[in-house]
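**Q** Just one file: final_37.txt, with compact mmCIF, C-alpha atoms and all ligand atoms.
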# COMPACT_ATOMS: atom_id res chain seq x y z
CA MET A 1 78.19 -17.64 8.75
CA THR A 2 74.54 -17.84 9.73
CA VAL A 3 72.01 -15.36 8.47
CA ALA A 4 70.56 -14.61 11.88
CA ALA A 5 69.31 -11.23 10.66
CA ALA A 6 67.09 -12.97 8.09
CA ASP A 7 65.71 -15.37 10.71
CA ALA A 8 65.00 -12.47 13.06
CA PHE A 9 63.25 -10.60 10.26
CA THR A 10 61.07 -13.60 9.36
CA ALA A 11 60.17 -14.29 13.00
CA ARG A 12 59.15 -10.67 13.55
CA HIS A 13 57.24 -10.04 10.35
CA GLY A 14 55.89 -13.50 9.55
CA ALA A 15 57.42 -13.20 6.07
CA ALA A 16 60.92 -13.46 4.67
CA PRO A 17 62.85 -10.24 3.88
CA SER A 18 63.12 -9.09 0.25
CA GLY A 19 66.84 -9.73 0.51
CA VAL A 20 69.88 -10.01 2.76
CA TRP A 21 73.00 -7.91 2.15
CA PHE A 22 76.34 -7.56 3.90
CA ALA A 23 79.50 -5.49 4.12
CA PRO A 24 82.70 -6.37 6.01
CA GLY A 25 84.92 -4.70 8.55
CA ARG A 26 88.51 -4.06 7.52
CA VAL A 27 92.10 -4.21 8.65
CA ASN A 28 94.61 -1.79 7.22
CA LEU A 29 97.89 -3.52 6.37
CA ILE A 30 99.68 -0.18 6.06
CA GLY A 31 98.97 3.48 5.26
CA GLU A 32 97.61 5.13 8.40
CA HIS A 33 96.18 8.66 8.42
CA THR A 34 97.19 9.04 4.80
CA ASP A 35 93.67 8.84 3.34
CA TYR A 36 92.66 12.42 4.19
CA ASN A 37 96.00 13.63 2.80
CA ASP A 38 95.26 12.38 -0.75
CA GLY A 39 97.65 9.50 -0.04
CA PHE A 40 97.89 5.72 -0.36
CA VAL A 41 96.35 2.99 1.78
CA LEU A 42 96.46 -0.81 1.67
CA PRO A 43 93.57 -2.32 3.64
CA PHE A 44 91.72 -5.61 3.20
CA ALA A 45 88.20 -6.74 4.05
CA LEU A 46 87.74 -9.06 7.03
CA PRO A 47 85.45 -12.09 7.24
CA HIS A 48 83.60 -10.19 10.00
CA ARG A 49 80.48 -8.57 8.58
CA ALA A 50 77.49 -6.36 9.15
CA VAL A 51 74.42 -8.12 7.74
CA VAL A 52 71.16 -6.41 6.83
CA ALA A 53 67.83 -8.17 6.16
CA ALA A 54 65.36 -5.73 4.68
CA ALA A 55 62.05 -5.25 2.90
CA PRO A 56 59.95 -2.23 1.93
CA ALA A 57 57.86 -1.02 4.90
CA SER A 58 54.09 -1.15 4.59
CA GLY A 59 53.60 2.21 6.38
CA PRO A 60 55.10 5.72 6.12
CA VAL A 61 57.92 5.09 8.64
CA SER A 62 61.17 3.12 8.51
CA ARG A 63 61.92 0.83 11.43
CA VAL A 64 65.40 -0.44 12.20
CA ARG A 65 66.36 -3.07 14.74
CA SER A 66 69.79 -4.37 15.64
CA ALA A 67 70.71 -7.65 17.29
CA GLN A 68 73.28 -5.65 19.26
CA GLU A 69 70.88 -2.95 20.54
CA PRO A 70 67.73 -3.12 22.67
CA SER A 71 65.97 -0.10 21.11
CA VAL A 72 63.98 0.21 17.87
CA ALA A 73 64.86 3.22 15.73
CA GLU A 74 62.17 4.94 13.69
CA PHE A 75 62.62 7.63 11.06
CA THR A 76 61.29 8.67 7.68
CA ALA A 77 63.86 7.65 5.08
CA ALA A 78 62.17 9.83 2.46
CA SER A 79 62.82 13.02 4.44
CA VAL A 80 65.40 12.33 7.20
CA VAL A 81 68.20 14.93 7.40
CA PRO A 82 71.36 15.29 9.53
CA GLY A 83 70.48 15.99 13.16
CA ASP A 84 67.26 13.92 13.11
CA VAL A 85 68.75 10.63 14.35
CA ASP A 86 71.70 9.95 16.63
CA GLY A 87 73.30 6.92 18.29
CA TRP A 88 73.72 3.60 16.48
CA ALA A 89 70.80 4.20 14.10
CA ALA A 90 72.50 7.31 12.67
CA TYR A 91 74.68 5.03 10.50
CA VAL A 92 71.53 3.55 8.97
CA ALA A 93 69.49 6.76 8.70
CA GLY A 94 72.57 8.63 7.45
CA THR A 95 73.04 6.16 4.62
CA CYS A 96 69.37 6.53 3.66
CA TRP A 97 69.89 10.30 3.58
CA ALA A 98 73.14 10.15 1.57
CA PHE A 99 71.65 7.61 -0.86
CA ARG A 100 68.71 9.96 -1.45
CA GLU A 101 71.06 12.94 -1.80
CA ALA A 102 72.92 11.02 -4.52
CA GLY A 103 69.69 11.03 -6.51
CA TYR A 104 68.51 7.46 -5.92
CA PRO A 105 64.99 6.52 -4.87
CA VAL A 106 64.65 5.63 -1.17
CA GLY A 107 61.44 4.17 0.17
CA GLU A 108 60.61 3.33 3.79
CA VAL A 109 62.18 0.09 5.01
CA GLU A 110 61.86 -2.56 7.67
CA LEU A 111 65.42 -3.50 8.49
CA GLU A 112 67.14 -6.01 10.80
CA LEU A 113 70.83 -5.48 11.40
CA ASP A 114 73.33 -7.91 12.86
CA SER A 115 77.10 -7.56 12.99
CA ASP A 116 80.05 -9.54 14.23
CA VAL A 117 82.54 -6.74 13.54
CA PRO A 118 83.92 -5.79 16.98
CA VAL A 119 82.77 -2.27 17.88
CA GLY A 120 85.34 0.29 19.04
CA ALA A 121 88.26 -1.91 17.98
CA GLY A 122 89.36 0.14 14.97
CA LEU A 123 88.01 -2.47 12.53
CA SER A 124 85.47 -0.12 10.88
CA SER A 125 82.27 -1.54 12.28
CA SER A 126 80.52 1.70 11.31
CA ALA A 127 81.63 1.61 7.66
CA ALA A 128 80.45 -2.01 7.55
CA VAL A 129 76.96 -0.94 8.63
CA GLU A 130 76.86 2.01 6.22
CA CYS A 131 77.99 -0.09 3.25
CA ALA A 132 75.66 -2.99 4.12
CA VAL A 133 72.73 -0.55 4.28
CA GLY A 134 73.92 1.04 1.03
CA VAL A 135 73.92 -2.24 -0.91
CA ALA A 136 70.55 -3.10 0.65
CA LEU A 137 69.04 0.23 -0.47
CA ALA A 138 70.39 -0.30 -3.98
CA GLY A 139 68.97 -3.83 -4.02
CA LEU A 140 65.55 -2.74 -2.75
CA ALA A 141 65.43 0.10 -5.29
CA GLY A 142 66.55 -2.24 -8.07
CA VAL A 143 69.37 0.08 -9.12
CA GLU A 144 72.99 -0.74 -9.96
CA VAL A 145 75.38 1.48 -8.02
CA ASP A 146 79.07 1.45 -8.82
CA PRO A 147 81.02 0.25 -5.72
CA THR A 148 83.15 3.41 -5.53
CA GLU A 149 80.04 5.58 -5.68
CA LEU A 150 78.48 3.45 -2.96
CA ALA A 151 81.59 3.92 -0.79
CA ARG A 152 81.37 7.69 -1.31
CA ILE A 153 77.70 7.67 -0.29
CA ALA A 154 78.57 5.67 2.83
CA ARG A 155 81.42 8.04 3.67
CA ARG A 156 79.10 11.01 3.29
CA ALA A 157 76.80 9.42 5.88
CA GLU A 158 79.78 9.08 8.25
CA ASN A 159 81.10 12.62 7.68
CA GLU A 160 77.94 14.67 7.34
CA PHE A 161 75.24 12.73 9.18
CA VAL A 162 77.15 10.98 11.97
CA GLY A 163 79.64 13.85 12.08
CA ALA A 164 82.94 11.91 12.12
CA PRO A 165 85.58 13.67 9.95
CA THR A 166 87.13 10.46 8.58
CA GLY A 167 88.80 9.76 5.25
CA GLY A 168 87.43 7.31 2.71
CA MET A 169 89.56 4.20 3.30
CA ASP A 170 87.13 2.18 5.41
CA GLN A 171 84.16 2.37 3.05
CA MET A 172 86.36 1.70 0.00
CA ALA A 173 87.80 -1.42 1.68
CA ALA A 174 84.29 -2.57 2.62
CA VAL A 175 83.05 -2.45 -1.00
CA HIS A 176 86.21 -3.34 -2.95
CA GLY A 177 87.66 -6.10 -0.74
CA ARG A 178 88.24 -9.51 -2.31
CA ALA A 179 89.28 -12.87 -0.88
CA GLY A 180 93.06 -13.21 -1.00
CA ARG A 181 93.57 -9.58 -2.07
CA LEU A 182 94.64 -6.26 -0.59
CA VAL A 183 92.87 -3.08 -1.72
CA PHE A 184 95.61 -0.71 -2.89
CA LEU A 185 93.81 2.62 -3.01
CA ASP A 186 95.03 5.99 -4.24
CA THR A 187 92.73 8.30 -2.29
CA ARG A 188 93.44 11.25 -4.60
CA ASP A 189 91.28 9.78 -7.36
CA ASP A 190 89.95 6.60 -5.71
CA THR A 191 91.84 4.33 -8.12
CA VAL A 192 91.85 0.75 -6.83
CA GLU A 193 94.28 -2.07 -7.58
CA LEU A 194 93.71 -5.47 -6.00
CA VAL A 195 97.07 -6.87 -4.89
CA PRO A 196 97.43 -10.63 -4.24
CA PHE A 197 98.24 -11.39 -0.60
CA ASP A 198 98.63 -15.11 -0.15
CA LEU A 199 100.39 -15.49 3.18
CA PRO A 200 99.58 -19.19 3.72
CA ALA A 201 101.44 -20.02 0.49
CA HIS A 202 104.53 -18.53 2.14
CA GLY A 203 103.97 -20.23 5.49
CA CYS A 204 102.80 -17.02 7.19
CA THR A 205 99.74 -15.61 8.96
CA LEU A 206 98.62 -12.09 9.74
CA LEU A 207 97.38 -12.06 13.31
CA VAL A 208 94.96 -9.37 14.42
CA ILE A 209 95.34 -8.58 18.11
CA ASP A 210 92.41 -6.67 19.57
CA THR A 211 93.99 -4.97 22.58
CA ARG A 212 90.56 -4.01 23.97
CA ALA A 213 92.21 -0.83 25.23
CA PRO A 214 89.70 1.79 26.24
CA HIS A 215 89.33 4.29 23.35
CA ALA A 216 90.16 7.63 24.98
CA HIS A 217 89.60 10.95 23.16
CA ALA A 218 89.87 9.27 19.76
CA GLY A 219 87.37 11.62 18.10
CA GLY A 220 88.97 14.91 19.13
CA GLU A 221 92.52 13.69 18.54
CA TYR A 222 91.62 12.50 15.03
CA GLY A 223 90.38 15.98 14.14
CA ALA A 224 93.50 17.53 15.68
CA ARG A 225 95.74 15.34 13.49
CA ARG A 226 93.78 16.38 10.41
CA ARG A 227 94.25 20.04 11.28
CA ASP A 228 98.02 19.56 11.80
CA CYS A 229 98.27 17.92 8.37
CA GLU A 230 96.29 20.72 6.71
CA GLU A 231 98.52 23.28 8.42
CA ALA A 232 101.63 21.49 7.14
CA ALA A 233 100.31 21.34 3.58
CA ALA A 234 99.37 25.03 3.67
CA ALA A 235 102.80 26.01 5.06
CA LEU A 236 104.50 24.04 2.27
CA GLY A 237 102.19 25.48 -0.38
CA VAL A 238 101.03 22.07 -1.63
CA PRO A 239 97.42 20.92 -2.18
CA ALA A 240 97.90 17.98 0.23
CA LEU A 241 100.75 16.22 2.06
CA ARG A 242 100.68 13.63 -0.72
CA ASP A 243 102.53 16.25 -2.77
CA ALA A 244 105.33 16.87 -0.25
CA SER A 245 108.72 15.14 -0.06
CA LEU A 246 110.67 14.28 3.08
CA ALA A 247 113.08 17.10 2.24
CA ASP A 248 110.13 19.55 2.09
CA VAL A 249 108.90 18.40 5.46
CA GLU A 250 112.21 19.19 7.15
CA ARG A 251 111.63 22.86 6.25
CA LEU A 252 108.58 23.09 8.52
CA ALA A 253 109.36 25.32 11.47
CA ASP A 254 106.92 23.94 14.03
CA ASP A 255 108.24 20.74 15.61
CA ARG A 256 104.84 19.09 16.14
CA VAL A 257 103.56 19.92 12.66
CA ARG A 258 106.86 18.73 11.15
CA ARG A 259 106.62 15.36 12.89
CA ARG A 260 102.98 14.91 11.86
CA ALA A 261 103.87 15.65 8.23
CA ARG A 262 106.93 13.38 8.37
CA HIS A 263 104.69 10.50 9.42
CA VAL A 264 102.29 11.03 6.51
CA VAL A 265 104.98 11.49 3.86
CA SER A 266 107.09 8.54 5.06
CA GLU A 267 103.97 6.38 5.46
CA ASN A 268 102.99 7.01 1.84
CA GLU A 269 106.47 5.84 0.79
CA ARG A 270 106.11 2.72 2.94
CA VAL A 271 102.76 1.85 1.33
CA LEU A 272 104.29 2.14 -2.14
CA GLU A 273 107.28 0.04 -1.08
CA VAL A 274 105.05 -2.70 0.37
CA VAL A 275 103.03 -2.79 -2.85
CA ARG A 276 106.25 -2.98 -4.90
CA ARG A 277 107.52 -5.90 -2.84
CA LEU A 278 104.23 -7.79 -3.01
CA ARG A 279 103.80 -7.13 -6.75
CA ASP A 280 107.30 -8.44 -7.43
CA ALA A 281 106.16 -11.64 -5.72
CA VAL A 282 108.95 -11.27 -3.24
CA ASP A 283 108.44 -13.37 -0.11
CA PRO A 284 105.86 -11.35 1.89
CA ARG A 285 108.15 -11.66 4.89
CA ALA A 286 110.07 -8.83 3.26
CA ILE A 287 107.38 -6.36 4.37
CA GLY A 288 107.98 -7.01 8.09
CA PRO A 289 110.47 -4.14 8.62
CA LEU A 290 108.07 -1.71 6.90
CA LEU A 291 105.30 -2.65 9.33
CA ASP A 292 107.72 -2.02 12.21
CA ALA A 293 108.77 1.35 10.78
CA SER A 294 105.12 2.35 10.36
CA HIS A 295 104.48 1.64 14.02
CA THR A 296 107.49 3.64 15.17
CA SER A 297 106.34 6.55 13.03
CA MET A 298 102.80 6.43 14.47
CA ARG A 299 104.19 6.22 18.00
CA ASP A 300 106.89 8.90 17.85
CA ASP A 301 105.88 11.30 15.07
CA PHE A 302 102.09 11.05 14.79
CA GLU A 303 101.58 10.19 18.49
CA ILE A 304 98.45 8.10 18.07
CA THR A 305 99.46 4.95 19.93
CA VAL A 306 98.71 4.11 23.57
CA PRO A 307 100.53 1.79 26.03
CA HIS A 308 98.26 -1.19 25.23
CA VAL A 309 99.16 -1.13 21.54
CA ASP A 310 102.87 -0.41 22.10
CA VAL A 311 103.08 -3.32 24.53
CA ALA A 312 101.20 -5.62 22.12
CA VAL A 313 103.55 -4.70 19.26
CA ALA A 314 106.69 -5.26 21.37
CA ALA A 315 105.38 -8.55 22.79
CA ALA A 316 104.39 -9.81 19.32
CA ARG A 317 107.93 -9.17 18.10
CA ASP A 318 109.39 -10.84 21.20
CA GLY A 319 107.22 -13.86 20.43
CA GLY A 320 108.62 -14.18 16.91
CA ALA A 321 106.59 -11.80 14.71
CA LEU A 322 108.40 -10.60 11.56
CA GLY A 323 106.79 -7.16 11.87
CA ALA A 324 103.94 -5.57 13.80
CA ARG A 325 102.04 -2.32 13.91
CA MET A 326 98.89 -0.69 15.18
CA THR A 327 96.12 -0.64 12.56
CA GLY A 328 93.31 1.92 12.27
CA GLY A 329 92.78 5.42 13.60
CA GLY A 330 94.65 4.93 16.88
CA PHE A 331 94.28 5.60 20.60
CA GLY A 332 93.49 1.93 21.20
CA GLY A 333 92.09 -0.73 18.92
CA CYS A 334 94.01 -3.45 17.14
CA VAL A 335 97.57 -4.43 16.33
CA ILE A 336 98.50 -6.63 13.36
CA ALA A 337 101.48 -8.96 13.38
CA LEU A 338 103.05 -10.78 10.43
CA VAL A 339 103.91 -14.18 11.85
CA PRO A 340 105.48 -17.41 10.55
CA ALA A 341 102.73 -20.05 10.78
CA THR A 342 104.95 -22.02 13.16
CA ALA A 343 105.08 -19.09 15.60
CA THR A 344 101.40 -18.10 15.90
CA ALA A 345 100.95 -19.81 19.27
CA ALA A 346 104.18 -18.28 20.63
CA VAL A 347 103.20 -14.77 19.47
CA SER A 348 99.70 -15.04 20.99
CA ALA A 349 101.15 -16.37 24.24
CA SER A 350 103.74 -13.60 24.38
CA VAL A 351 101.09 -10.87 24.02
CA GLU A 352 98.73 -12.57 26.48
CA ARG A 353 101.55 -12.84 29.03
CA ALA A 354 102.53 -9.19 28.62
CA PHE A 355 98.92 -8.11 29.22
CA ALA A 356 98.42 -10.46 32.19
CA ASP A 357 101.65 -9.17 33.79
CA ARG A 358 100.19 -5.66 33.72
CA GLY A 359 96.78 -6.72 35.00
CA TRP A 360 95.12 -5.71 31.70
CA THR A 361 92.06 -7.33 30.16
CA ALA A 362 93.17 -10.24 27.96
CA PRO A 363 93.54 -9.37 24.25
CA VAL A 364 91.56 -11.20 21.58
CA VAL A 365 93.74 -12.70 18.84
CA PHE A 366 92.44 -13.96 15.48
CA PRO A 367 93.85 -14.51 11.99
CA GLY A 368 93.16 -11.69 9.53
CA THR A 369 92.06 -13.31 6.29
CA PRO A 370 91.42 -11.06 3.26
CA SER A 371 87.75 -11.60 2.37
CA ASP A 372 85.05 -10.38 -0.01
CA GLY A 373 83.57 -6.91 0.01
CA ALA A 374 79.93 -5.87 0.18
CA GLY A 375 77.28 -7.83 -1.67
CA ARG A 376 74.05 -9.77 -1.52
CA LEU A 377 73.82 -12.91 0.63
CA ALA A 378 70.31 -14.05 -0.17
C1 LIG A 401 89.95 5.75 10.67
C2 LIG A 401 89.29 6.55 9.56
C3 LIG A 401 89.99 6.32 8.22
C4 LIG A 401 91.50 6.52 8.35
C5 LIG A 401 92.04 5.76 9.55
C6 LIG A 401 93.49 6.07 9.79
O1 LIG A 401 89.76 4.39 10.45
O2 LIG A 401 87.94 6.18 9.44
O3 LIG A 401 89.43 7.14 7.25
O4 LIG A 401 91.81 7.88 8.40
O5 LIG A 401 91.33 6.07 10.74
O6 LIG A 401 94.28 5.56 8.77
Go through the file and emit its structure as structure tokens.
Ligand code: GLA
**A**
Amino acid sequence: MTVAAADAFTARHGAAPSGVWFAPGRVNLIGEHTDYNDGFVLPFALPHRAVVAAAPASGPVSRVRSAQEPSVAEFTAASVVPGDVDGWAAYVAGTCWAFREAGYPVGEVELELDSDVPVGAGLSSSAAVECAVGVALAGLAGVEVDPTELARIARRAENEFVGAPTGGMDQMAAVHGRAGRLVFLDTRDDTVELVPFDLPAHGCTLLVIDTRAPHAHAGGEYGARRRDCEEAAAALGVPALRDASLADVERLADDRVRRRARHVVSENERVLEVVRRLRDAVDPRAIGPLLDASHTSMRDDFEITVPHVDVAVAAARDGGALGARMTGGGFGGCVIALVPATATAAVSASVERAFADRGWTAPVVFPGTPSDGAGRLA
């Protein structure tokens, strides 16, 4: 990849940045809406990245520019608090705030941001920005910050500064991702195990299909799902749905709450089963039916899919996928499909045809390759 952010910085300031840092977007292989239930997730980092070129500012104000935005954002990193900055720059200012709140020194910065993580596609473009800014702040301050602590700082920016009530999966994937590995995360204590995921060795590919479906009401619906899960856990008398069994769930009186809880509890079991199969070095094709079951559960029990993603999943299977599911928070975004390498063209064509038949915007299909997490580029 080019380091356009560094070139932009140098052109603007007449001097090179102090450093260039990055953090990636992510795809979740399986484990959806389990992270705020103390459960298990299995994401990996994408090759798509947010890149930050930065240097200490000479004056008392921080200035942030983005290759994707026309405006310049200004704030005082040493004193910025939630509510001071909104829009795209809130991810940057929020990370400055959370980094400071964690007790680290934060000076004013000149910062150029550039990202090729698709926005609004459920690939965690916001976590990529937060984590890239986090590693940049650590680098500028000359402090070592443990990756899990950095992810927690970035999540705090998302939750408390931006105001999105998300779990911690995206930021953990952005810092812990490794080429050829899945990030198996227990969100109860943030334990991470890197699980080998070498699909090419087994003649397979994981296709990411960006449905480009309009994201409708995603924010409010996400919060509503969280509340249903909390209600279920409270009714069952457990700290979190992670602690409930499928038999427990069937005791819940309210039909909607029962279905929400059934998704979370069964999804946790599917994550553990996928990890077991991959650890045992079974052919990764064996996980296909678990991806399918995850999608059905999200569609029927958790009710977070939309027609674009259901059609993409069905068309991918028709085209020869071994398993397919929506990935990410839902209400649009991306589908992943496990595909024999010989069938990638047929699967793409099948999804493209299904979308064209309905008069929908063409999807964007690319291979999802597990890649490295946040770090320094230059
Ligand atoms: C979004 C959130 C994550 C997670 C997923 C659903 O990506 O940011 O924390 O809850 O949705 O699995």
**Q** Kindly provide, as number ranges by chain, all nucleotide and amino acid residues lying within 6 Å of ligand LIG 401 (chain A), counting only C-alpha atoms and all ligand atoms.
**A** A: 32-33, 35, 166-170, 328-329
**Q** Determine the nearest neighbour of Thr187 (chain A) from the options A:Ala314, A:Leu42, A:Ala224, A:Ala232, counting only C-alpha atoms.
**A** A:Leu42
**Q** How many Å separate CA of Gly134 (chain A) from CA of Thr327 (chain A)?
**A**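 Straight-line distance from CA of Gly134 (chain A) to CA of Thr327 (chain A) works out to 25.1 Å.
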**Q** Could I get the residues of region 119-232 of chain A with an atom no further than 8 Å from an atom of region 5-20 of chain A, each paired with its nearest atom pair and that distance in Å to one decimal, using all atoms listed in the file, sorted by chain and residue number, as JSON lines?
**A**
{"residue": "A:Ala136", "atom": "CA", "partner": "A:Val20", "partner_atom": "CA", "distance": 7.3}
{"residue": "A:Gly139", "atom": "CA", "partner": "A:Gly19", "partner_atom": "CA", "distance": 7.7}
{"residue": "A:Leu140", "atom": "CA", "partner": "A:Ser18", "partner_atom": "CA", "distance": 7.4}
**Q** What is the distance, in Å and to one decimal place, between CA of Arg178 (chain A) and CA of Asp198 (chain A)?
**A**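 Here the two named atoms are 12.0 Å from each other.
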**Q** Can you check which parts of region 142-180 of chain A lie within 7 Å of region 44-68 of chain A? Per residue, the shortest pair of atoms and distance in Å to one decimal, counting all atoms listed in the file, sorted by chain and number, as a Markdown table.
**A**
| residue | atom | partner | partner_atom | distance |
| --- | --- | --- | --- | --- |
| A:Ala173 | CA | A:Ala45 | CA | 5.8 |
| A:Ala174 | CA | A:Ala45 | CA | 5.9 |
| A:Gly177 | CA | A:Ala45 | CA | 4.9 |
| A:Arg178 | CA | A:Ala45 | CA | 6.9 |
**Q** When you draw a straight line from CA of Gly359 (chain A) to CA of Gly25 (chain A), how long is it in Å?
**A** 29.1 Å
**Q** So that each row is one residue of region 121-221 of chain A with an atom at most 8 Å from region 270-281 of chain A, can you give its shortest atom pair and the distance in Å to one decimal, using all atoms listed in the file, rows by chain and rising number, as JSON lines?
**A**
{"residue": "A:Phe184", "atom": "CA", "partner": "A:Val275", "partner_atom": "CA", "distance": 7.7}
{"residue": "A:Val195", "atom": "CA", "partner": "A:Arg279", "partner_atom": "CA", "distance": 7.0}
{"residue": "A:Pro196", "atom": "CA", "partner": "A:Leu278", "partner_atom": "CA", "distance": 7.5}
{"residue": "A:Phe197", "atom": "CA", "partner": "A:Leu278", "partner_atom": "CA", "distance": 7.4}
**Q** Could you pull the residues within 7 Å of region 257-260 of chain A, counting only C-alpha atoms, minus those fewer than 5 positions along the same chain, as a JSON list (two decimals) with C-alpha atoms, in the frame of the given file?
**A**
[["chain", "number", "residue", "atom", "x", "y", "z"],
["A", 228, "ASP", "CA", 98.02, 19.56, 11.80],
["A", 229, "CYS", "CA", 98.27, 17.92, 8.37],
["A", 232, "ALA", "CA", 101.63, 21.49, 7.14],
["A", 249, "VAL", "CA", 108.90, 18.40, 5.46],
["A", 250, "GLU", "CA", 112.21, 19.19, 7.15],
["A", 252, "LEU", "CA", 108.58, 23.09, 8.52],
["A", 301, "ASP", "CA", 105.88, 11.30, 15.07],
["A", 302, "PHE", "CA", 102.09, 11.05, 14.79]]
**Q** Rank nothing, just name the residue among A:Asp38, A:Val92, A:Val3, A:Ala102 nearest to Ala240 (chain A), using all atoms listed in the file.
**A**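 For Ala240 (chain A), the nearest of the given residues is A:Asp38.
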**Q** At a cut-off of 6 Å, using only C-alpha atoms, what residues contact Gly319 (chain A)? Leave out same-chain residues fewer than 2 positions from it and give the result as a list in words.
**A**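 So the residues in contact are Ala316, Arg317, Ala346, Val347 and Ser350 of chain A.
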**Q** Considering all atoms listed in the file, give me a table of residues in region 182-224 of chain A that are at most 9 Å from region 142-165 of chain A, with the closest atom pair and distance in Å for each, as a tab-separated table.
**A**
residue	atom	partner	partner_atom	distance
A:Asp190	CA	A:Thr148	CA	7.5
A:Gly219	CA	A:Ala164	CA	7.4
A:Tyr222	CA	A:Pro165	CA	8.0
A:Gly223	CA	A:Pro165	CA	6.8
**Q** Would you pick out the contacts of Leu338 (chain A) at 7 Å or less, using all atoms listed in the file, so that residues sharing its chain but fewer than 5 positions from it are not included, and give the list as a list in words?
**A**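 Selected residues are Thr205, Leu206, Leu207, Gly288, Ala321, Leu322, Gly323 and Ala324 of chain A.
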**Q** Give the answer as one residue: which of A:Ala179, A:Val27, A:Val106, A:Val313 has the shortest atom-to-atom distance to Ser125 (chain A), using all atoms listed in the file?
**A**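 Answer, going by the shortest atom-to-atom distance: A:Val27.
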**Q** Go through A:Gly103, A:Gly39, A:Pro307, A:Pro82 one by one, measure the shortest atom-to-atom distance of each to Pro214 (chain A) using all atoms listed in the file, and give the residue with the smallest value.
**A**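 Between A:Gly103, A:Gly39, A:Pro307, A:Pro82, the residue approaching Pro214 (chain A) most closely is A:Pro307.
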**Q** Counting all atoms listed in the file, which of A:Arg353, A:Arg225, A:Arg376, A:Arg285 gets nearest to Glu303 (chain A)?
**A**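 Nearest to Glu303 (chain A): A:Arg225.
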**Q** Counting all atoms listed in the file, what are the residues of region 192-226 of chain A within 9 Å of region 111-123 of chain A, and for each of them which pair of atoms is the nearest and at what distance in Å, to one decimal? Sort the table by chain and rising number, as CSV.
**A**
residue,atom,partner,partner_atom,distance
A:Asp210,CA,A:Ala121,CA,6.5
A:Thr211,CA,A:Ala121,CA,8.0
A:Arg212,CA,A:Ala121,CA,6.8
A:Ala213,CA,A:Ala121,CA,8.3
A:Pro214,CA,A:Gly120,CA,8.5
A:His215,CA,A:Gly120,CA,7.1
**Q** Can you report as JSON the centre and edge lengths in Å, to one decimal, of an axis-aligned box around the listed atoms of region 302-316 of chain A padded with 6 Å on each side?
**A**
{"center_x": 102.5, "center_y": 0.6, "center_z": 20.4, "size_x": 20.4, "size_y": 32.9, "size_z": 23.2}
**Q** May I have the residues within 7 Å of Val208 (chain A) as a list of chain:residue names, using all atoms listed in the file and disregarding those fewer than 2 positions away in the same chain?
**A**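 In the requested format, the answer is A:Leu206, A:Asp210, A:Cys334, A:Val335, A:Ile336, A:Ala337, A:Val365, A:Phe366, A:Pro367, A:Gly368.
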